[in-house]
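Just below is one structure, and these are the notes that go with it.
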Amino acid sequence: LNSNEVIMPNGFRLKWGSTTVSAGTFQTVSFPTAFPNSIFTAQTNIESSLNRPGDKTDYSFVKSLSAASFQIGVGSDTTYSVRWLAIGY
């Protein structure tokens, strides 16, 4: 798990990173420090160098979002590196 954070002057916090997620599993991302008030959203995207034919659509998604952590899943039959971005305050 790789993660970074920036705190804006108005108190908004952006946290981002990447992790590996295998098909049929969920990867828990635990923030080094929780959002002190609330988390608005977490977004994910698959980082892929695979040259796969367009016979299917692979995707990533967020599950179990909280101020301290969230889970990432992939709709796929393979393992992917997934980048994520969380926004809160």
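Residues are referred to by chain and number: the chain letter is A, B, ... according to the order shown in the structure tokens, the number counts from 1 in that chain, and ligands are numbered separately from 1 in the order shown.
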- [ ] Enumerate, as a ChimeraX atom specification, the complete set of residues in chain A that a backbone-based DSSP assignment places in strand (DSSP E).
- [x] /A:2-7,13-21,26-30,39-47,59-63,69-75,80-88
As a PDB file with all heavy atoms, in the first residue's frame, please: the residues near Val29 in chain A (cut-off 6 Å, only C-alpha atoms, same-chain neighbours under 4 positions excluded).
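File written: selection_14.pdb
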```
ATOM      1  N   SER A  69     -11.041   4.061   6.768  1.00  0.00           N
ATOM      2  CA  SER A  69     -10.639   3.068   5.772  1.00  0.00           C
ATOM      3  C   SER A  69     -11.744   2.855   4.737  1.00  0.00           C
ATOM      4  O   SER A  69     -12.860   3.351   4.894  1.00  0.00           O
ATOM      5  CB  SER A  69     -10.320   1.731   6.441  1.00  0.00           C
ATOM      6  OG  SER A  69     -11.494   1.170   7.000  1.00  0.00           O
ATOM      7  N   PHE A  70     -11.418   2.101   3.709  1.00  0.00           N
ATOM      8  CA  PHE A  70     -12.406   1.636   2.747  1.00  0.00           C
ATOM      9  C   PHE A  70     -11.858   0.383   2.071  1.00  0.00           C
ATOM     10  O   PHE A  70     -10.689   0.039   2.241  1.00  0.00           O
ATOM     11  CB  PHE A  70     -12.776   2.714   1.727  1.00  0.00           C
ATOM     12  CG  PHE A  70     -11.684   3.075   0.746  1.00  0.00           C
ATOM     13  CD1 PHE A  70     -11.660   2.512  -0.516  1.00  0.00           C
ATOM     14  CD2 PHE A  70     -10.708   3.987   1.080  1.00  0.00           C
ATOM     15  CE1 PHE A  70     -10.670   2.847  -1.426  1.00  0.00           C
ATOM     16  CE2 PHE A  70      -9.716   4.330   0.179  1.00  0.00           C
ATOM     17  CZ  PHE A  70      -9.694   3.761  -1.076  1.00  0.00           C
ATOM     18  N   GLN A  71     -12.702  -0.287   1.338  1.00  0.00           N
ATOM     19  CA  GLN A  71     -12.281  -1.490   0.623  1.00  0.00           C
ATOM     20  C   GLN A  71     -12.411  -1.271  -0.877  1.00  0.00           C
ATOM     21  O   GLN A  71     -13.331  -0.580  -1.332  1.00  0.00           O
ATOM     22  CB  GLN A  71     -13.119  -2.695   1.029  1.00  0.00           C
ATOM     23  CG  GLN A  71     -12.853  -3.140   2.445  1.00  0.00           C
ATOM     24  CD  GLN A  71     -13.639  -4.385   2.788  1.00  0.00           C
ATOM     25  OE1 GLN A  71     -14.819  -4.473   2.512  1.00  0.00           O
ATOM     26  NE2 GLN A  71     -12.964  -5.353   3.377  1.00  0.00           N
TER      27      GLN A  71
END
```
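The list of residues with at least one atom within 9 Å of Ala67 in chain A, based on only C-alpha atoms and without residues fewer than 6 positions apart in the same chain, reads Phe31, Ala34, Phe35, Pro36, Asn37, Ser38, Ile39, Phe40 and Gly88 of chain A.
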Open item on the list: Taking only C-alpha atoms into account, name the residue in A:Ser22, A:Ser30, A:Thr44, A:Asn4 that is nearest to Leu85 in chain A.
Closed with: A:Thr44
Task: Best match for closeness to Asp77 in chain A among A:Ile7, A:Val21, A:Ala42, A:Leu14, counting only C-alpha atoms - done: A:Val21
- [ ] Would you list the contacts of Val82 in chain A as number ranges by chain, taking every protein, DNA or RNA residue within 9 Å and counting only C-alpha atoms, but skipping same-chain residues closer than 6 positions in sequence?
- [x] A: 17-21, 44-48, 60, 72, 74
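Across the model, the gap from CA of Ala86 in chain A to CA of Lys15 in chain A is 5.1 Å.
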